>>> print(open('query-v4.pdb').read())   # PDB, N, CA and C atoms
ATOM      1  N   MET A 249     -29.156  64.206 147.344
ATOM      2  CA  MET A 249     -28.910  63.433 146.154
ATOM      3  C   MET A 249     -28.652  64.380 144.989
ATOM      4  N   ILE A 250     -27.785  63.943 144.096
ATOM      5  CA  ILE A 250     -27.453  64.700 142.889
ATOM      6  C   ILE A 250     -27.929  63.888 141.684
ATOM      7  N   HIS A 251     -28.624  64.554 140.771
ATOM      8  CA  HIS A 251     -29.090  63.928 139.536
ATOM      9  C   HIS A 251     -28.267  64.490 138.379
ATOM     10  N   VAL A 252     -27.863  63.621 137.476
ATOM     11  CA  VAL A 252     -27.090  64.041 136.309
ATOM     12  C   VAL A 252     -27.758  63.484 135.062
ATOM     13  N   ILE A 253     -27.913  64.334 134.068
ATOM     14  CA  ILE A 253     -28.351  63.925 132.740
ATOM     15  C   ILE A 253     -27.246  64.376 131.795
ATOM     16  N   ALA A 254     -26.547  63.407 131.229
ATOM     17  CA  ALA A 254     -25.419  63.710 130.343
ATOM     18  C   ALA A 254     -25.813  63.382 128.905
ATOM     19  N   PHE A 255     -25.721  64.365 128.027
ATOM     20  CA  PHE A 255     -26.003  64.184 126.611
ATOM     21  C   PHE A 255     -24.674  64.037 125.888
ATOM     22  N   ILE A 256     -24.444  62.867 125.320
ATOM     23  CA  ILE A 256     -23.209  62.582 124.587
ATOM     24  C   ILE A 256     -23.577  62.473 123.110
ATOM     25  N   THR A 257     -23.144  63.432 122.318
ATOM     26  CA  THR A 257     -23.395  63.409 120.878
ATOM     27  C   THR A 257     -22.160  62.850 120.198
ATOM     28  N   CYS A 258     -22.345  61.742 119.532
ATOM     29  CA  CYS A 258     -21.249  61.056 118.861
ATOM     30  C   CYS A 258     -21.095  61.584 117.435
ATOM     31  N   HIS A 259     -19.892  61.412 116.892
ATOM     32  CA  HIS A 259     -19.725  61.691 115.471
ATOM     33  C   HIS A 259     -20.616  60.707 114.707
ATOM     34  N   PRO A 260     -21.125  61.095 113.549
ATOM     35  CA  PRO A 260     -22.031  60.217 112.797
ATOM     36  C   PRO A 260     -21.464  58.798 112.657
ATOM     37  N   GLY A 261     -22.313  57.826 112.965
ATOM     38  CA  GLY A 261     -21.943  56.425 112.825
ATOM     39  C   GLY A 261     -21.108  55.862 113.960
ATOM     40  N   GLN A 262     -20.831  56.651 115.007
ATOM     41  CA  GLN A 262     -19.958  56.196 116.086
ATOM     42  C   GLN A 262     -20.702  55.838 117.377
ATOM     43  N   ARG A 263     -22.020  55.969 117.386
ATOM     44  CA  ARG A 263     -22.754  55.724 118.627
ATOM     45  C   ARG A 263     -22.565  54.302 119.160
ATOM     46  N   ASP A 264     -22.576  53.297 118.295
ATOM     47  CA  ASP A 264     -22.411  51.926 118.762
ATOM     48  C   ASP A 264     -21.049  51.720 119.427
ATOM     49  N   ALA A 265     -20.014  52.331 118.894
ATOM     50  CA  ALA A 265     -18.675  52.210 119.490
ATOM     51  C   ALA A 265     -18.631  52.892 120.852
ATOM     52  N   VAL A 266     -19.265  54.043 120.969
ATOM     53  CA  VAL A 266     -19.316  54.747 122.260
ATOM     54  C   VAL A 266     -20.126  53.933 123.262
ATOM     55  N   LEU A 267     -21.256  53.384 122.827
ATOM     56  CA  LEU A 267     -22.069  52.555 123.718
ATOM     57  C   LEU A 267     -21.292  51.325 124.196
ATOM     58  N   ALA A 268     -20.519  50.714 123.326
ATOM     59  CA  ALA A 268     -19.720  49.550 123.723
ATOM     60  C   ALA A 268     -18.721  49.931 124.814
ATOM     61  N   ALA A 269     -18.064  51.079 124.654
ATOM     62  CA  ALA A 269     -17.112  51.542 125.675
ATOM     63  C   ALA A 269     -17.831  51.869 126.977
ATOM     64  N   MET A 270     -19.012  52.471 126.878
ATOM     65  CA  MET A 270     -19.802  52.774 128.083
ATOM     66  C   MET A 270     -20.191  51.496 128.809
ATOM     67  N   ARG A 271     -20.668  50.518 128.057
ATOM     68  CA  ARG A 271     -21.118  49.261 128.679
ATOM     69  C   ARG A 271     -19.967  48.561 129.406
ATOM     70  N   GLU A 272     -18.770  48.646 128.867
ATOM     71  CA  GLU A 272     -17.599  48.081 129.545
ATOM     72  C   GLU A 272     -17.336  48.799 130.863
ATOM     73  N   ASN A 273     -17.613  50.078 130.900
ATOM     74  CA  ASN A 273     -17.308  50.926 132.055
ATOM     75  C   ASN A 273     -18.390  50.887 133.130
ATOM     76  N   VAL A 274     -19.616  50.536 132.768
ATOM     77  CA  VAL A 274     -20.744  50.598 133.700
ATOM     78  C   VAL A 274     -20.491  49.825 135.000
ATOM     79  N   PRO A 275     -19.979  48.591 134.972
ATOM     80  CA  PRO A 275     -19.758  47.892 136.249
ATOM     81  C   PRO A 275     -18.772  48.621 137.171
ATOM     82  N   LEU A 276     -17.783  49.271 136.598
ATOM     83  CA  LEU A 276     -16.827  50.038 137.408
ATOM     84  C   LEU A 276     -17.500  51.248 138.041
ATOM     85  N   VAL A 277     -18.377  51.902 137.296
ATOM     86  CA  VAL A 277     -19.097  53.059 137.833
ATOM     87  C   VAL A 277     -20.063  52.611 138.930
ATOM     88  N   HIS A 278     -20.780  51.515 138.689
ATOM     89  CA  HIS A 278     -21.720  51.019 139.698
ATOM     90  C   HIS A 278     -21.009  50.667 141.004
ATOM     91  N   ALA A 279     -19.748  50.288 140.926
ATOM     92  CA  ALA A 279     -18.974  49.930 142.128
ATOM     93  C   ALA A 279     -18.453  51.150 142.885
ATOM     94  N   GLU A 280     -18.569  52.326 142.312
ATOM     95  CA  GLU A 280     -18.076  53.538 142.976
ATOM     96  C   GLU A 280     -18.921  53.862 144.209
ATOM     97  N   ASP A 281     -18.245  54.339 145.239
ATOM     98  CA  ASP A 281     -18.937  54.780 146.446
ATOM     99  C   ASP A 281     -19.832  55.969 146.099
ATOM    100  N   GLY A 282     -21.102  55.857 146.417
ATOM    101  CA  GLY A 282     -22.034  56.957 146.180
ATOM    102  C   GLY A 282     -22.827  56.859 144.895
ATOM    103  N   CYS A 283     -22.530  55.856 144.053
ATOM    104  CA  CYS A 283     -23.310  55.683 142.820
ATOM    105  C   CYS A 283     -24.631  55.019 143.162
ATOM    106  N   ILE A 284     -25.718  55.668 142.797
ATOM    107  CA  ILE A 284     -27.057  55.120 143.006
ATOM    108  C   ILE A 284     -27.608  54.587 141.685
ATOM    109  N   GLU A 285     -27.366  55.321 140.616
ATOM    110  CA  GLU A 285     -27.833  54.913 139.287
ATOM    111  C   GLU A 285     -26.891  55.472 138.242
ATOM    112  N   TYR A 286     -26.610  54.662 137.231
ATOM    113  CA  TYR A 286     -25.786  55.091 136.102
ATOM    114  C   TYR A 286     -26.196  54.218 134.930
ATOM    115  N   GLN A 287     -26.911  54.805 133.957
ATOM    116  CA  GLN A 287     -27.486  54.017 132.877
ATOM    117  C   GLN A 287     -27.455  54.787 131.561
ATOM    118  N   PRO A 288     -26.727  54.288 130.553
ATOM    119  CA  PRO A 288     -26.835  54.891 129.229
ATOM    120  C   PRO A 288     -28.160  54.497 128.583
ATOM    121  N   VAL A 289     -28.806  55.463 127.911
ATOM    122  CA  VAL A 289     -30.079  55.229 127.240
ATOM    123  C   VAL A 289     -30.073  55.916 125.878
ATOM    124  N   VAL A 290     -30.947  55.435 125.002
ATOM    125  CA  VAL A 290     -31.134  56.040 123.679
ATOM    126  C   VAL A 290     -32.627  56.256 123.475
ATOM    127  N   ASP A 291     -32.982  56.960 122.420
ATOM    128  CA  ASP A 291     -34.386  57.239 122.130
ATOM    129  C   ASP A 291     -35.212  55.957 122.091
ATOM    130  N   ALA A 292     -36.377  55.983 122.741
ATOM    131  CA  ALA A 292     -37.335  54.886 122.660
ATOM    132  C   ALA A 292     -38.122  55.059 121.360
ATOM    133  N   PRO A 293     -38.242  54.000 120.570
ATOM    134  CA  PRO A 293     -38.952  54.127 119.282
ATOM    135  C   PRO A 293     -40.468  54.189 119.456
ATOM    136  N   GLY A 294     -41.116  54.826 118.494
ATOM    137  CA  GLY A 294     -42.563  54.774 118.396
ATOM    138  C   GLY A 294     -43.337  55.659 119.353
ATOM    139  N   LEU A 295     -42.718  56.693 119.889
ATOM    140  CA  LEU A 295     -43.429  57.595 120.791
ATOM    141  C   LEU A 295     -43.463  58.990 120.158
ATOM    142  N   PRO A 296     -44.525  59.283 119.407
ATOM    143  CA  PRO A 296     -44.566  60.520 118.629
ATOM    144  C   PRO A 296     -44.572  61.785 119.480
ATOM    145  N   PHE A 297     -44.933  61.707 120.745
ATOM    146  CA  PHE A 297     -44.970  62.895 121.597
ATOM    147  C   PHE A 297     -43.608  63.215 122.214
ATOM    148  N   ALA A 298     -42.634  62.313 122.084
ATOM    149  CA  ALA A 298     -41.324  62.503 122.703
ATOM    150  C   ALA A 298     -40.403  63.314 121.797
ATOM    151  N   ALA A 299     -39.622  64.190 122.398
ATOM    152  CA  ALA A 299     -38.604  64.934 121.657
ATOM    153  C   ALA A 299     -37.363  64.050 121.553
ATOM    154  N   PRO A 300     -36.977  63.664 120.342
ATOM    155  CA  PRO A 300     -35.845  62.750 120.207
ATOM    156  C   PRO A 300     -34.505  63.427 120.511
ATOM    157  N   ALA A 301     -33.606  62.659 121.097
ATOM    158  CA  ALA A 301     -32.235  63.131 121.303
ATOM    159  C   ALA A 301     -31.463  63.022 119.996
ATOM    160  N   GLY A 302     -31.789  62.021 119.196
ATOM    161  CA  GLY A 302     -31.178  61.861 117.880
ATOM    162  C   GLY A 302     -30.412  60.556 117.747
ATOM    163  N   PRO A 303     -30.179  60.136 116.503
ATOM    164  CA  PRO A 303     -29.547  58.841 116.241
ATOM    165  C   PRO A 303     -28.072  58.761 116.626
ATOM    166  N   ASP A 304     -27.450  59.884 116.847
ATOM    167  CA  ASP A 304     -26.032  59.890 117.226
ATOM    168  C   ASP A 304     -25.833  60.250 118.697
ATOM    169  N   THR A 305     -26.909  60.240 119.480
ATOM    170  CA  THR A 305     -26.830  60.695 120.867
ATOM    171  C   THR A 305     -27.110  59.568 121.849
ATOM    172  N   VAL A 306     -26.310  59.542 122.903
ATOM    173  CA  VAL A 306     -26.527  58.675 124.058
ATOM    174  C   VAL A 306     -26.773  59.615 125.239
ATOM    175  N   VAL A 307     -27.772  59.310 126.023
ATOM    176  CA  VAL A 307     -28.042  60.064 127.240
ATOM    177  C   VAL A 307     -27.693  59.151 128.411
ATOM    178  N   VAL A 308     -26.944  59.668 129.363
ATOM    179  CA  VAL A 308     -26.612  58.892 130.556
ATOM    180  C   VAL A 308     -27.400  59.483 131.718
ATOM    181  N   VAL A 309     -28.218  58.631 132.338
ATOM    182  CA  VAL A 309     -29.035  59.022 133.478
ATOM    183  C   VAL A 309     -28.297  58.560 134.730
ATOM    184  N   GLU A 310     -27.994  59.505 135.621
ATOM    185  CA  GLU A 310     -27.182  59.195 136.795
ATOM    186  C   GLU A 310     -27.831  59.745 138.063
ATOM    187  N   LYS A 311     -27.591  59.057 139.164
ATOM    188  CA  LYS A 311     -27.934  59.559 140.499
ATOM    189  C   LYS A 311     -26.737  59.270 141.397
ATOM    190  N   TRP A 312     -26.353  60.276 142.170
ATOM    191  CA  TRP A 312     -25.224  60.174 143.083
ATOM    192  C   TRP A 312     -25.655  60.595 144.476
ATOM    193  N   ARG A 313     -25.054  59.998 145.468
ATOM    194  CA  ARG A 313     -25.388  60.293 146.864
ATOM    195  C   ARG A 313     -25.233  61.777 147.159
ATOM    196  N   ASP A 314     -24.137  62.376 146.671
ATOM    197  CA  ASP A 314     -23.868  63.787 146.948
ATOM    198  C   ASP A 314     -22.852  64.319 145.942
ATOM    199  N   ALA A 315     -22.563  65.607 146.032
ATOM    200  CA  ALA A 315     -21.639  66.252 145.097
ATOM    201  C   ALA A 315     -20.230  65.677 145.206
ATOM    202  N   ALA A 316     -19.822  65.273 146.405
ATOM    203  CA  ALA A 316     -18.485  64.698 146.576
ATOM    204  C   ALA A 316     -18.360  63.376 145.815
ATOM    205  N   ALA A 317     -19.406  62.553 145.849
ATOM    206  CA  ALA A 317     -19.384  61.289 145.108
ATOM    207  C   ALA A 317     -19.320  61.549 143.600
ATOM    208  N   LEU A 318     -20.051  62.554 143.130
ATOM    209  CA  LEU A 318     -20.007  62.898 141.708
ATOM    210  C   LEU A 318     -18.628  63.407 141.323
ATOM    211  N   ALA A 319     -18.027  64.231 142.158
ATOM    212  CA  ALA A 319     -16.676  64.741 141.873
ATOM    213  C   ALA A 319     -15.660  63.603 141.832
ATOM    214  N   ALA A 320     -15.779  62.648 142.752
ATOM    215  CA  ALA A 320     -14.877  61.496 142.754
ATOM    216  C   ALA A 320     -15.072  60.666 141.484
ATOM    217  N   HIS A 321     -16.319  60.521 141.049
ATOM    218  CA  HIS A 321     -16.615  59.801 139.811
ATOM    219  C   HIS A 321     -15.917  60.473 138.626
ATOM    220  N   ALA A 322     -16.028  61.772 138.538
ATOM    221  CA  ALA A 322     -15.426  62.497 137.419
ATOM    222  C   ALA A 322     -13.908  62.334 137.376
ATOM    223  N   ALA A 323     -13.292  62.138 138.543
ATOM    224  CA  ALA A 323     -11.831  62.009 138.625
ATOM    225  C   ALA A 323     -11.354  60.559 138.631
ATOM    226  N   ALA A 324     -12.269  59.600 138.601
ATOM    227  CA  ALA A 324     -11.901  58.187 138.695
ATOM    228  C   ALA A 324     -11.032  57.758 137.508
ATOM    229  N   PRO A 325     -10.039  56.921 137.758
ATOM    230  CA  PRO A 325      -9.160  56.462 136.667
ATOM    231  C   PRO A 325      -9.920  55.803 135.509
ATOM    232  N   HIS A 326     -10.953  55.028 135.807
ATOM    233  CA  HIS A 326     -11.691  54.368 134.716
ATOM    234  C   HIS A 326     -12.469  55.386 133.881
ATOM    235  N   MET A 327     -12.860  56.516 134.477
ATOM    236  CA  MET A 327     -13.531  57.546 133.683
ATOM    237  C   MET A 327     -12.533  58.275 132.794
ATOM    238  N   LYS A 328     -11.336  58.498 133.308
ATOM    239  CA  LYS A 328     -10.289  59.108 132.477
ATOM    240  C   LYS A 328      -9.937  58.189 131.305
ATOM    241  N   ALA A 329      -9.860  56.875 131.565
ATOM    242  CA  ALA A 329      -9.567  55.912 130.499
ATOM    243  C   ALA A 329     -10.701  55.874 129.472
ATOM    244  N   TYR A 330     -11.947  55.902 129.952
ATOM    245  CA  TYR A 330     -13.103  55.930 129.048
ATOM    246  C   TYR A 330     -13.051  57.191 128.176
ATOM    247  N   GLY A 331     -12.755  58.334 128.783
ATOM    248  CA  GLY A 331     -12.672  59.586 128.039
ATOM    249  C   GLY A 331     -11.610  59.545 126.952
ATOM    250  N   ALA A 332     -10.455  58.971 127.280
ATOM    251  CA  ALA A 332      -9.384  58.864 126.291
ATOM    252  C   ALA A 332      -9.783  57.918 125.157
ATOM    253  N   LYS A 333     -10.466  56.837 125.516
ATOM    254  CA  LYS A 333     -10.867  55.835 124.532
ATOM    255  C   LYS A 333     -11.918  56.377 123.560
ATOM    256  N   THR A 334     -12.781  57.261 124.029
ATOM    257  CA  THR A 334     -13.900  57.738 123.206
ATOM    258  C   THR A 334     -13.724  59.157 122.671
ATOM    259  N   LYS A 335     -12.650  59.812 123.028
ATOM    260  CA  LYS A 335     -12.459  61.227 122.662
ATOM    261  C   LYS A 335     -12.662  61.485 121.163
ATOM    262  N   ALA A 336     -12.096  60.659 120.321
ATOM    263  CA  ALA A 336     -12.200  60.869 118.872
ATOM    264  C   ALA A 336     -13.579  60.497 118.328
ATOM    265  N   LEU A 337     -14.399  59.818 119.139
ATOM    266  CA  LEU A 337     -15.719  59.368 118.697
ATOM    267  C   LEU A 337     -16.836  60.347 119.063
ATOM    268  N   VAL A 338     -16.542  61.263 119.983
ATOM    269  CA  VAL A 338     -17.556  62.154 120.556
ATOM    270  C   VAL A 338     -17.427  63.557 119.966
ATOM    271  N   ALA A 339     -18.551  64.086 119.468
ATOM    272  CA  ALA A 339     -18.579  65.435 118.901
ATOM    273  C   ALA A 339     -18.880  66.490 119.959
ATOM    274  N   ASP A 340     -19.734  66.126 120.947
ATOM    275  CA  ASP A 340     -20.144  67.102 121.959
ATOM    276  C   ASP A 340     -20.597  66.360 123.205
ATOM    277  N   ARG A 341     -20.415  67.008 124.332
ATOM    278  CA  ARG A 341     -20.823  66.420 125.610
ATOM    279  C   ARG A 341     -21.397  67.541 126.458
ATOM    280  N   ARG A 342     -22.649  67.360 126.906
ATOM    281  CA  ARG A 342     -23.293  68.344 127.771
ATOM    282  C   ARG A 342     -23.750  67.629 129.037
ATOM    283  N   ILE A 343     -23.253  68.088 130.160
ATOM    284  CA  ILE A 343     -23.553  67.464 131.442
ATOM    285  C   ILE A 343     -24.458  68.418 132.229
ATOM    286  N   HIS A 344     -25.656  67.961 132.549
ATOM    287  CA  HIS A 344     -26.604  68.740 133.344
ATOM    288  C   HIS A 344     -26.680  68.125 134.724
ATOM    289  N   VAL A 345     -26.490  68.934 135.761
ATOM    290  CA  VAL A 345     -26.487  68.446 137.134
ATOM    291  C   VAL A 345     -27.614  69.146 137.895
ATOM    292  N   PHE A 346     -28.424  68.349 138.594
ATOM    293  CA  PHE A 346     -29.597  68.851 139.294
ATOM    294  C   PHE A 346     -29.637  68.357 140.734
ATOM    295  N   SER A 347     -30.334  69.101 141.543
ATOM    296  CA  SER A 347     -30.648  68.648 142.904
ATOM    297  C   SER A 347     -32.165  68.603 143.013
ATOM    298  N   PRO A 348     -32.705  67.799 143.932
ATOM    299  CA  PRO A 348     -34.156  67.713 144.047
ATOM    300  C   PRO A 348     -34.779  69.087 144.349
ATOM    301  N   ALA A 349     -35.939  69.324 143.776
ATOM    302  CA  ALA A 349     -36.644  70.601 143.970
ATOM    303  C   ALA A 349     -37.485  70.551 145.223
TER     304      ALA A 349
END
>>> encode(input="query-v4.pdb", output="structure tokens")
Amino acid sequence: MIHVIAFITCHPGQRDAVLAAMRENVPLVHAEDGCIEYQPVVDAPGLPFAAPAGPDTVVVVEKWRDAAALAAHAAAPHMKAYGAKTKALVADRRIHVFSPA
């Protein structure tokens, strides 16, 4: 299994627009062969011990069957369309990929 934690930092005030585009795309990602989990998340309020990602950041928590499924996801037409749609809204994108320890 492959685990992905993607940090998407939006330009100030653009997080809601990016989240809307992500939510439209989620059913297409869930239908991909090898997708186990794909969920955009934001900071949970009221937890003083947590390190915040920030008000302009969306974190996507993903699990994929294997590296081939993740590679196919990255090349999927709906992901390319999502990238084009949100390119001007996103300031930075950091993708962390892990395997079980």
>>> closest_residue(input="query-v4.pdb", among="A:Leu318, A:Val252, A:Val309, A:Ala301", to="A:Val289", atoms="all atoms listed in the file")
A:Val309
>>> resolve_selection(input="query-v4.pdb", expression="the PyMOL selection byres ((chain A and resi 342) around 6.5)", output="list in words")
Ile253, Ala254, Phe255, Ile256, Thr257, Asp340, Arg341, Ile343 and His344 of chain A
>>> closest_residue(input="query-v4.pdb", among="A:Ala320, A:Ala298, A:Asp304, A:Met327", to="A:Pro260", atoms="only C-alpha atoms")
A:Asp304
>>> atom_distance(input="query-v4.pdb", atom1="atom CA of A:Ala336", atom2="atom CA of A:Thr305")
14.8 Å
>>> residues_around(input="query-v4.pdb", residues="A:Asp264", least_positions_apart="6", cutoff="8 Å", atoms="all atoms listed in the file", output="ChimeraX atom specification")
/A:258,270,303-304
>>> write_last_selection(input="query-v4.pdb", atoms="N, CA and C atoms", output="PDB file, in the coordinates of the input")
ATOM      1  N   CYS A 258     -22.345  61.742 119.532  1.00  0.00           N
ATOM      2  CA  CYS A 258     -21.249  61.056 118.861  1.00  0.00           C
ATOM      3  C   CYS A 258     -21.095  61.584 117.435  1.00  0.00           C
ATOM      4  N   MET A 270     -19.012  52.471 126.878  1.00  0.00           N
ATOM      5  CA  MET A 270     -19.802  52.774 128.083  1.00  0.00           C
ATOM      6  C   MET A 270     -20.191  51.496 128.809  1.00  0.00           C
ATOM      7  N   PRO A 303     -30.179  60.136 116.503  1.00  0.00           N
ATOM      8  CA  PRO A 303     -29.547  58.841 116.241  1.00  0.00           C
ATOM      9  C   PRO A 303     -28.072  58.761 116.626  1.00  0.00           C
ATOM     10  N   ASP A 304     -27.450  59.884 116.847  1.00  0.00           N
ATOM     11  CA  ASP A 304     -26.032  59.890 117.226  1.00  0.00           C
ATOM     12  C   ASP A 304     -25.833  60.250 118.697  1.00  0.00           C
TER      13      ASP A 304
END
>>> decode(input="query-v4.pdb", residues="stretch 319-342 of chain A", atoms="N, CA and C atoms", output="CSV table (one decimal), in the first residue's frame")
chain,number,residue,atom,x,y,z
A,319,ALA,N,0.6,6.2,-9.8
A,319,ALA,CA,1.1,6.8,-11.1
A,319,ALA,C,-0.1,7.0,-12.1
A,320,ALA,N,-1.0,6.0,-12.1
A,320,ALA,CA,-2.1,6.2,-13.0
A,320,ALA,C,-3.0,7.3,-12.6
A,321,HIS,N,-3.2,7.5,-11.3
A,321,HIS,CA,-4.0,8.6,-10.7
A,321,HIS,C,-3.4,9.9,-11.2
A,322,ALA,N,-2.1,10.0,-11.0
A,322,ALA,CA,-1.4,11.3,-11.4
A,322,ALA,C,-1.6,11.7,-12.8
A,323,ALA,N,-1.7,10.6,-13.7
A,323,ALA,CA,-1.8,10.8,-15.1
A,323,ALA,C,-3.3,10.9,-15.6
A,324,ALA,N,-4.2,10.7,-14.7
A,324,ALA,CA,-5.7,10.6,-15.1
A,324,ALA,C,-6.1,11.9,-15.7
A,325,PRO,N,-7.0,11.8,-16.8
A,325,PRO,CA,-7.5,13.0,-17.4
A,325,PRO,C,-8.2,14.0,-16.4
A,326,HIS,N,-9.0,13.4,-15.5
A,326,HIS,CA,-9.7,14.3,-14.5
A,326,HIS,C,-8.7,15.0,-13.6
A,327,MET,N,-7.5,14.4,-13.3
A,327,MET,CA,-6.6,15.1,-12.5
A,327,MET,C,-5.9,16.2,-13.3
A,328,LYS,N,-5.6,16.0,-14.6
A,328,LYS,CA,-5.1,17.0,-15.4
A,328,LYS,C,-6.0,18.2,-15.5
A,329,ALA,N,-7.3,17.9,-15.6
A,329,ALA,CA,-8.4,18.9,-15.7
A,329,ALA,C,-8.5,19.7,-14.4
A,330,TYR,N,-8.4,19.0,-13.3
A,330,TYR,CA,-8.4,19.6,-12.0
A,330,TYR,C,-7.2,20.5,-11.8
A,331,GLY,N,-6.0,20.1,-12.2
A,331,GLY,CA,-4.8,20.9,-12.1
A,331,GLY,C,-4.9,22.2,-12.9
A,332,ALA,N,-5.5,22.1,-14.2
A,332,ALA,CA,-5.6,23.2,-15.0
A,332,ALA,C,-6.6,24.2,-14.4
A,333,LYS,N,-7.7,23.7,-13.8
A,333,LYS,CA,-8.8,24.5,-13.2
A,333,LYS,C,-8.3,25.2,-12.0
A,334,THR,N,-7.4,24.7,-11.2
A,334,THR,CA,-6.9,25.3,-9.9
A,334,THR,C,-5.5,25.9,-10.0
A,335,LYS,N,-4.9,25.8,-11.1
A,335,LYS,CA,-3.5,26.3,-11.2
A,335,LYS,C,-3.3,27.7,-10.7
A,336,ALA,N,-4.2,28.6,-11.1
A,336,ALA,CA,-4.0,30.0,-10.7
A,336,ALA,C,-4.4,30.2,-9.2
A,337,LEU,N,-5.1,29.2,-8.6
A,337,LEU,CA,-5.5,29.4,-7.2
A,337,LEU,C,-4.5,28.8,-6.2
A,338,VAL,N,-3.6,28.0,-6.7
A,338,VAL,CA,-2.6,27.3,-5.8
A,338,VAL,C,-1.3,28.0,-5.8
A,339,ALA,N,-0.8,28.3,-4.6
A,339,ALA,CA,0.5,28.9,-4.4
A,339,ALA,C,1.7,27.8,-4.3
A,340,ASP,N,1.3,26.7,-3.7
A,340,ASP,CA,2.4,25.7,-3.5
A,340,ASP,C,1.7,24.3,-3.3
A,341,ARG,N,2.4,23.3,-3.7
A,341,ARG,CA,1.9,21.9,-3.6
A,341,ARG,C,3.1,21.0,-3.2
A,342,ARG,N,2.9,20.3,-2.1
A,342,ARG,CA,3.9,19.4,-1.6
A,342,ARG,C,3.3,18.0,-1.4
